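Asks: Take a look at the following structure, please.
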Amino acid sequence: MSQQTPNLLQMLGQLIATPSISSTTPGRDMSNLSVITLLAEWLDNLGFKTEIMPVPENPGKANLIATLGQGPGGLVLSGHTDTVPCNEELWQSSPFALTERDNRLYGLGTCDMKGFFPIAIEAARQFIETPLAAPLIILATADEESSMSGAQALVDAGKPKARYAIIGEPTEMSPIRMHKGMMMESIRITGNSGHSSDPSLGANALDAMHSVLSELVKYRTHLQQNYTNSAFSVSVPTLNLGCIHGGDNPNRICGQCELEYDVRPLPGMDLSLVREDISKRVSPLEDKFGVTIDCQPLFSGIPSFETKQNASLVQMAEQFTGHTAQAVAFGTEAPFLQELGMETIIMGPGSIKQAHQPDEFLALEQINPTVDILSKMIQRYCVDAHEEHQGG
Ligand SMILES: [Zn+2]
C-alpha cells in the first residue's frame, strides 16, 4: 500500500504546486481543500484513519485529523496548510513550483510550513507496520495565517485528543516552549460634529481620543512594570498604537475617530482580562466628553503560550536536539492545542527568517535530521508509550 504514497520530494512538490493562500483581504483568500485532499489521500494509503473536518461558517476551509493506531494518549504532529500571500514578481523562481537551487528547496510554504507534512509523513511511514501502544495523529489545520479559525474549530469540537503535540513551525529544529499572545483591537469614538467656532455645538471625538491615547499609554506602563519575562528578547508585554483615522476638516468639530492598536501579552496574561482592563479605563471618558466609545477586537486573538521547562516533551526534545527550549516572538496554534489538553511544543525544520519572504526556502540539510528526530518522538510516545504509565 505504501508505494501509492509518493516520496518526500514528490509530496512537497505537489503541496507547493497547490496554492492555499489565506488572506484577510476577501479577494485574495483561497480554499485549502486541495491540500487537505492530497494529505488525506497519502495518509489514507499508509493506513491512517482520516477525518476531514469542515471549518464551520468558513466554506472552502477544512482541517484534517489522520490517526494511526488507537486508544488514549499518543502524539500529534501538527501543521497549518495555508500560506501567506506572496509578491510573485520578487521571486527568482515561481513560488508555486518547487525549485532546487544551492542545496535549498524554494517555494511558497517550503518552510512555513507545508514542508513539515512530507517530513512528518516520512517519519510516520517507518511505523506503519509497528504495533503502536498509543496513536500517532497527523493534524493539518486551516487559516493559521489569518484568523486561526481552523484551530478554534478543533477546540470547539474537542478533538483531537492526545497527550503530546509538536507543531512543526520553522524553528530550525530547536524546541520552543513559550510565545507571547497577540491581540489586534480597535476603539471607535463617536461624538457630534458642528461648527468649530462654538465647541458647545458638538462633542469632539478627537479630544476624547487624546484622553483614550493617554489611558492606553498609562496602561502600557502599568503592564510593563508588572509583567516581565527574561526568556523573551523583548522582555515586557507591548502595546503598539498602530493607526488612527478621524475627522474631515479643521473647521468642523470631529464627529468620529477610530484607533487600531496591538497588544502582545506575556504568558500568564489573559486576553479577556486585558480587554476588560482597557474597557474599564476608557469608558469613564464617555461621560466626560459626551461621546460613545466602542472597544472591539479586530480578530479573536492568539493567547500566549507556555509549556513548563520540566515537561516530558520539552525534556525529550532537548535531549534529541541538543538545544535548550526557548521562547519566540511569533504566535502559533500552540495555545489552542494546549487548550485541548495536550502538552505542546513548537519545533520544525526551516527558519522563520525565510517565512513570509520572497524566495522562501527550506535547506535540504534540515530534512534528514528532522525525519530522524520526529521518528524518535514517535518511538518514544507511540511505540514505547507504556513507559509513560510505569513512570506514572
Ligand atoms: Zn506558520
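Chain labels A, B, ... are given in the sequence in which chains occur in the C-alpha cells; within each chain residues are numbered consecutively from 1, and ligands are likewise numbered from 1 in the order shown.
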Would you name the residues within 8 Å of ligand 1, counting only C-alpha atoms and all ligand atoms, and put them as a PyMOL selection string?

Replies: chain A and resi 79-80+83+112-113+144-145+169-170+332+355

Asks: From a DSSP pass on the backbone, collect the residues of stretch 266-357 of chain A flagged as alpha helix (DSSP H) and hand them back as a tab-separated table (two decimals) with C-alpha atoms, in the first residue's frame.

Replies:
chain	number	residue	atom	x	y	z
A	271	LEU	CA	-6.56	38.21	26.72
A	272	SER	CA	-10.03	38.80	28.14
A	273	LEU	CA	-8.61	40.46	31.27
A	274	VAL	CA	-6.55	42.83	29.13
A	275	ARG	CA	-9.72	43.73	27.20
A	276	GLU	CA	-11.61	44.28	30.45
A	277	ASP	CA	-8.85	46.48	31.89
A	278	ILE	CA	-8.77	48.69	28.80
A	279	SER	CA	-12.51	48.99	28.66
A	280	LYS	CA	-12.63	49.98	32.36
A	281	ARG	CA	-10.01	52.64	31.81
A	282	VAL	CA	-11.59	54.30	28.78
A	284	PRO	CA	-15.44	56.90	32.05
A	285	LEU	CA	-14.34	59.17	29.19
A	286	GLU	CA	-17.73	58.71	27.52
A	287	ASP	CA	-19.49	60.95	30.06
A	288	LYS	CA	-16.61	63.36	30.32
A	289	PHE	CA	-16.64	64.10	26.57
A	312	SER	CA	8.29	15.42	29.42
A	313	LEU	CA	8.02	16.63	25.82
A	314	VAL	CA	10.35	19.59	26.47
A	315	GLN	CA	12.91	17.33	28.15
A	316	MET	CA	12.72	14.78	25.36
A	317	ALA	CA	13.04	17.44	22.63
A	318	GLU	CA	16.03	18.99	24.37
A	319	GLN	CA	17.65	15.57	24.63
A	320	PHE	CA	17.01	14.63	20.97
A	321	THR	CA	18.05	18.01	19.50
A	334	ALA	CA	0.04	26.03	20.35
A	335	PRO	CA	-2.33	27.65	22.87
A	336	PHE	CA	-5.28	26.02	21.07
A	337	LEU	CA	-3.73	22.54	21.18
A	338	GLN	CA	-2.85	23.15	24.81
A	339	GLU	CA	-6.48	24.02	25.48

Asks: Report, in Å with one decimal, the straight-line distance from atom CA of A:Gln4 to atom CA of A:Tyr164.

Replies: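 Straight-line distance from atom CA of A:Gln4 to atom CA of A:Tyr164 works out to 29.0 Å.
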
Asks: Write out as a list in words which residues come within 8 Å of stretch 48-65 of chain A when counting only C-alpha atoms, dropping same-chain ones fewer than 4 positions away.

Replies: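 Here the answer would be Met30, Ser31, Asn32, Leu33, Ile36, Ala40, Leu43, Asp44, Gly69, Ile137, Ile138, Leu139, Ala140, Thr141, Ala142, Asp143, Ser149, Gly150, Ala153 and Pro160 of chain A.
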
Asks: Show me, as a tab-separated table, the residues of stretch 316-348 of chain A having an atom within 8 Å of stretch 218-242 of chain A, each with the closest atom pair and its distance in Å, using only C-alpha atoms.

Replies:
residue	atom	partner	partner_atom	distance
A:Gln326	CA	A:Ala231	CA	7.0
A:Ala327	CA	A:Phe232	CA	5.9
A:Val328	CA	A:Phe232	CA	6.9
A:Ala329	CA	A:Phe232	CA	7.4

Asks: Can I get the selected residues back with all heavy atoms, as a short mmCIF file (atom, residue, chain, number, x, y, z; two decimals), in the first residue's frame?

Replies:
data_model
loop_
_atom_site.label_atom_id
_atom_site.label_comp_id
_atom_site.auth_asym_id
_atom_site.auth_seq_id
_atom_site.Cartn_x
_atom_site.Cartn_y
_atom_site.Cartn_z
N GLN A 326 13.41 27.36 23.99
CA GLN A 326 13.45 28.82 24.03
C GLN A 326 12.06 29.42 23.90
O GLN A 326 11.08 28.70 23.75
CB GLN A 326 14.27 29.34 22.83
CG GLN A 326 15.62 28.71 22.63
CD GLN A 326 16.68 29.33 23.50
OE1 GLN A 326 16.50 30.44 24.01
NE2 GLN A 326 17.78 28.63 23.71
N ALA A 327 12.05 30.75 23.87
CA ALA A 327 10.82 31.50 23.57
C ALA A 327 10.94 32.12 22.19
O ALA A 327 12.06 32.39 21.73
CB ALA A 327 10.64 32.59 24.61
N VAL A 328 9.83 32.34 21.51
CA VAL A 328 9.86 33.05 20.23
C VAL A 328 8.90 34.22 20.24
O VAL A 328 8.01 34.32 21.09
CB VAL A 328 9.49 32.15 19.02
CG1 VAL A 328 10.64 31.26 18.63
CG2 VAL A 328 8.21 31.38 19.24
N ALA A 329 9.06 35.09 19.24
CA ALA A 329 8.26 36.31 19.19
C ALA A 329 6.98 36.13 18.37
O ALA A 329 6.11 36.98 18.41
CB ALA A 329 9.10 37.43 18.60
#

Asks: Counting only C-alpha atoms, what is within 9 Å of stretch 367-376 of chain A, bar same-chain residues fewer than 2 positions away, as number ranges by chain?

Replies: A: 77, 116, 119-124, 126-127, 173, 317, 320-321, 348-350, 362-365, 378-381

Asks: Would you save the residues of that selection, restricted to C-alpha atoms, as a compact mmCIF listing (two decimals), in the first residue's frame?

Replies:
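File part.txt, as written:
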# COMPACT_ATOMS: atom_id res chain seq x y z
CA LEU A 77 2.33 16.17 14.65
CA PHE A 116 6.68 19.82 7.54
CA ILE A 119 8.77 15.13 6.55
CA ALA A 120 6.24 14.05 9.21
CA ILE A 121 4.75 11.52 6.78
CA GLU A 122 8.24 10.19 6.00
CA ALA A 123 8.85 9.69 9.73
CA ALA A 124 5.40 8.07 10.16
CA GLN A 126 8.61 3.86 9.23
CA PHE A 127 5.96 2.87 11.78
CA MET A 173 14.51 22.16 14.93
CA ALA A 317 13.04 17.44 22.63
CA PHE A 320 17.01 14.63 20.97
CA THR A 321 18.05 18.01 19.50
CA GLY A 348 10.09 22.27 12.94
CA PRO A 349 12.53 22.49 10.02
CA GLY A 350 13.44 25.71 8.25
CA LEU A 362 13.89 25.01 3.16
CA ALA A 363 17.55 23.96 3.38
CA LEU A 364 17.95 20.37 2.19
CA GLU A 365 20.25 19.63 5.14
CA ILE A 378 7.07 8.65 17.57
CA GLN A 379 9.08 5.77 19.01
CA ARG A 380 9.02 7.34 22.46
CA TYR A 381 5.38 8.48 22.64

Asks: Among stretch 137-286 of chain A, which ones does DSSP place in strand (DSSP E or B), written as an MDAnalysis selection string?

Replies: chainID A and resid 137:141 164:167 176:179 182:190 192 195 203 238:246 252 256:264

Asks: To one decimal place, how far is atom CA of A:Leu298 from atom CA of A:Ile253 in Å?

Replies: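 Straight-line distance from atom CA of A:Leu298 to atom CA of A:Ile253 works out to 27.0 Å.
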
Asks: Just to confirm, what's the straight-line distance from atom CA of A:Tyr106 to atom CA of A:Thr344 in Å (one decimal)?

Replies: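 About the pair atom CA of A:Tyr106 and atom CA of A:Thr344: they are 28.6 Å apart.
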
Asks: List the neighbours of A:Asp359 out to 7 Å using only C-alpha atoms; skip same-chain residues closer than 3 positions along the sequence, and give me the result as a VMD selection string.

Replies: chain A and resid 91 to 92 106 to 107

Asks: Any idea what's packed within 12 Å of A:Pro199, counting only C-alpha atoms, ignoring anything in its chain fewer than 2 positions away? Could you give it as a VMD selection string?

Replies: chain A and resid 191 to 197 201 to 205 207 251 to 255 289 to 290

Asks: Output the selection as a compact mmCIF listing (two decimals), in the first residue's frame - all heavy atoms for each residue.

Replies:
# COMPACT_ATOMS: atom_id res chain seq x y z
N GLY A 191 -18.74 61.06 18.37
CA GLY A 191 -19.22 62.27 19.02
C GLY A 191 -20.26 62.94 18.14
O GLY A 191 -21.05 62.26 17.49
N ASN A 192 -20.23 64.28 18.11
CA ASN A 192 -21.12 65.02 17.21
C ASN A 192 -20.33 66.12 16.53
O ASN A 192 -19.64 66.88 17.20
CB ASN A 192 -22.26 65.66 18.01
CG ASN A 192 -23.38 64.67 18.28
OD1 ASN A 192 -23.89 64.03 17.36
ND2 ASN A 192 -23.71 64.50 19.55
N SER A 193 -20.48 66.22 15.21
CA SER A 193 -19.77 67.30 14.53
C SER A 193 -20.58 68.60 14.65
O SER A 193 -21.75 68.58 15.01
CB SER A 193 -19.50 66.93 13.08
OG SER A 193 -20.69 66.48 12.49
N GLY A 194 -19.92 69.70 14.35
CA GLY A 194 -20.58 71.01 14.41
C GLY A 194 -19.57 72.05 13.99
O GLY A 194 -18.41 71.73 13.67
N HIS A 195 -19.99 73.33 14.00
CA HIS A 195 -19.08 74.40 13.59
C HIS A 195 -17.99 74.59 14.63
O HIS A 195 -18.28 74.66 15.82
CB HIS A 195 -19.86 75.70 13.37
CG HIS A 195 -19.10 76.68 12.53
ND1 HIS A 195 -18.04 77.42 13.03
CD2 HIS A 195 -19.23 77.03 11.22
CE1 HIS A 195 -17.56 78.19 12.05
NE2 HIS A 195 -18.27 77.96 10.93
N SER A 196 -16.76 74.68 14.15
CA SER A 196 -15.63 74.72 15.09
C SER A 196 -15.62 75.99 15.94
O SER A 196 -14.96 76.03 16.97
CB SER A 196 -14.32 74.62 14.31
OG SER A 196 -14.20 75.74 13.44
N SER A 197 -16.34 77.02 15.54
CA SER A 197 -16.28 78.29 16.27
C SER A 197 -16.97 78.20 17.63
O SER A 197 -16.75 79.02 18.50
CB SER A 197 -16.95 79.39 15.43
OG SER A 197 -18.30 79.02 15.17
N LEU A 201 -21.47 73.20 20.26
CA LEU A 201 -22.36 72.70 19.19
C LEU A 201 -22.15 71.21 18.90
O LEU A 201 -22.90 70.61 18.15
CB LEU A 201 -22.14 73.50 17.90
CG LEU A 201 -22.55 74.98 17.97
CD1 LEU A 201 -22.17 75.70 16.69
CD2 LEU A 201 -24.05 75.12 18.24
N GLY A 202 -21.09 70.63 19.48
CA GLY A 202 -20.85 69.21 19.19
C GLY A 202 -20.13 68.53 20.32
O GLY A 202 -20.06 69.05 21.44
N ALA A 203 -19.64 67.33 20.05
CA ALA A 203 -18.82 66.58 21.01
C ALA A 203 -17.62 66.06 20.23
O ALA A 203 -17.79 65.30 19.27
CB ALA A 203 -19.62 65.43 21.62
N ASN A 204 -16.45 66.51 20.61
CA ASN A 204 -15.28 66.27 19.77
C ASN A 204 -14.63 64.90 20.03
O ASN A 204 -14.08 64.64 21.10
CB ASN A 204 -14.26 67.40 19.99
CG ASN A 204 -13.22 67.39 18.89
OD1 ASN A 204 -12.64 66.35 18.56
ND2 ASN A 204 -12.98 68.55 18.30
N ALA A 205 -14.73 64.04 19.01
CA ALA A 205 -14.19 62.68 19.14
C ALA A 205 -12.67 62.69 19.25
O ALA A 205 -12.09 61.81 19.90
CB ALA A 205 -14.63 61.83 17.95
N ASP A 207 -10.82 65.06 20.72
CA ASP A 207 -10.50 65.41 22.11
C ASP A 207 -10.59 64.17 23.00
O ASP A 207 -9.71 63.92 23.83
CB ASP A 207 -11.48 66.46 22.65
CG ASP A 207 -11.15 67.87 22.17
OD1 ASP A 207 -10.20 68.01 21.35
OD2 ASP A 207 -11.83 68.82 22.60
N ASN A 251 -12.15 73.04 10.36
CA ASN A 251 -13.17 73.91 10.94
C ASN A 251 -14.47 73.18 11.30
O ASN A 251 -15.53 73.77 11.41
CB ASN A 251 -13.46 75.09 9.99
CG ASN A 251 -13.94 74.63 8.63
OD1 ASN A 251 -14.01 73.41 8.37
ND2 ASN A 251 -14.28 75.57 7.76
N ARG A 252 -14.38 71.86 11.42
CA ARG A 252 -15.52 71.09 11.93
C ARG A 252 -15.11 70.40 13.22
O ARG A 252 -13.99 69.92 13.33
CB ARG A 252 -15.96 70.02 10.92
CG ARG A 252 -16.57 70.55 9.66
CD ARG A 252 -17.15 69.39 8.85
NE ARG A 252 -18.46 68.97 9.37
CZ ARG A 252 -18.95 67.74 9.27
NH1 ARG A 252 -18.22 66.78 8.73
NH2 ARG A 252 -20.13 67.46 9.74
N ILE A 253 -16.04 70.34 14.16
CA ILE A 253 -15.80 69.52 15.35
C ILE A 253 -15.73 68.07 14.87
O ILE A 253 -16.58 67.64 14.07
CB ILE A 253 -16.96 69.71 16.36
CG1 ILE A 253 -16.95 71.15 16.90
CG2 ILE A 253 -16.87 68.69 17.50
CD1 ILE A 253 -18.21 71.54 17.66
N CYS A 254 -14.72 67.35 15.33
CA CYS A 254 -14.53 65.98 14.83
C CYS A 254 -15.63 65.06 15.38
O CYS A 254 -15.75 64.89 16.59
CB CYS A 254 -13.15 65.48 15.23
SG CYS A 254 -12.91 63.74 14.84
N GLY A 255 -16.40 64.47 14.48
CA GLY A 255 -17.52 63.64 14.91
C GLY A 255 -17.16 62.19 15.18
O GLY A 255 -17.86 61.49 15.91
N PHE A 289 -16.68 63.42 27.88
CA PHE A 289 -16.64 64.10 26.57
C PHE A 289 -17.97 64.06 25.83
O PHE A 289 -18.09 64.61 24.74
CB PHE A 289 -15.53 63.49 25.70
CG PHE A 289 -14.15 63.82 26.18
CD1 PHE A 289 -13.46 62.96 27.02
CD2 PHE A 289 -13.53 65.01 25.80
CE1 PHE A 289 -12.19 63.26 27.47
CE2 PHE A 289 -12.25 65.33 26.24
CZ PHE A 289 -11.57 64.44 27.10
N GLY A 290 -18.96 63.39 26.38
CA GLY A 290 -20.26 63.29 25.71
C GLY A 290 -20.20 62.48 24.42
O GLY A 290 -20.87 62.80 23.43

Asks: Using only C-alpha atoms, which residues sit within 6 Å of A:Cys257 once same-chain residues fewer than 4 positions away are excluded, as a PyMOL selection string?

Replies: chain A and resi 188-189+205+245-246

Asks: For the residues in the current selection, export all heavy atoms as a short mmCIF file (atom, residue, chain, number, x, y, z; two decimals), in the first residue's frame.

Replies:
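See out-v9.cif below for the written result:
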data_model
loop_
_atom_site.label_atom_id
_atom_site.label_comp_id
_atom_site.auth_asym_id
_atom_site.auth_seq_id
_atom_site.Cartn_x
_atom_site.Cartn_y
_atom_site.Cartn_z
N ARG A 188 -13.45 52.82 18.71
CA ARG A 188 -14.15 53.76 17.84
C ARG A 188 -14.90 54.76 18.72
O ARG A 188 -15.71 54.38 19.57
CB ARG A 188 -15.15 52.99 16.98
CG ARG A 188 -15.78 53.79 15.88
CD ARG A 188 -16.74 52.90 15.08
NE ARG A 188 -17.33 53.62 13.97
CZ ARG A 188 -16.73 53.79 12.79
NH1 ARG A 188 -15.55 53.27 12.57
NH2 ARG A 188 -17.34 54.49 11.85
N ILE A 189 -14.62 56.03 18.51
CA ILE A 189 -15.26 57.07 19.31
C ILE A 189 -16.23 57.84 18.41
O ILE A 189 -15.86 58.31 17.33
CB ILE A 189 -14.23 58.05 19.90
CG1 ILE A 189 -13.22 57.28 20.75
CG2 ILE A 189 -14.92 59.14 20.72
CD1 ILE A 189 -12.16 58.15 21.39
N ALA A 205 -14.73 64.04 19.01
CA ALA A 205 -14.19 62.68 19.14
C ALA A 205 -12.67 62.69 19.25
O ALA A 205 -12.09 61.81 19.90
CB ALA A 205 -14.63 61.83 17.95
N HIS A 245 -7.69 57.15 12.50
CA HIS A 245 -8.42 57.87 11.45
C HIS A 245 -9.51 58.66 12.13
O HIS A 245 -10.26 58.11 12.93
CB HIS A 245 -9.05 56.91 10.44
CG HIS A 245 -8.05 56.04 9.75
ND1 HIS A 245 -7.26 56.50 8.72
CD2 HIS A 245 -7.69 54.76 9.95
CE1 HIS A 245 -6.45 55.52 8.31
NE2 HIS A 245 -6.70 54.45 9.05
N GLY A 246 -9.65 59.93 11.76
CA GLY A 246 -10.74 60.69 12.37
C GLY A 246 -10.93 62.03 11.71
O GLY A 246 -10.00 62.61 11.16
#

Asks: Between A:Ile244, A:Ala385, A:Met148, A:Ile293, which is the closest to A:Gly71 once you count only C-alpha atoms?

Replies: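 Using only C-alpha atoms, A:Gly71 sits closest to A:Ala385.
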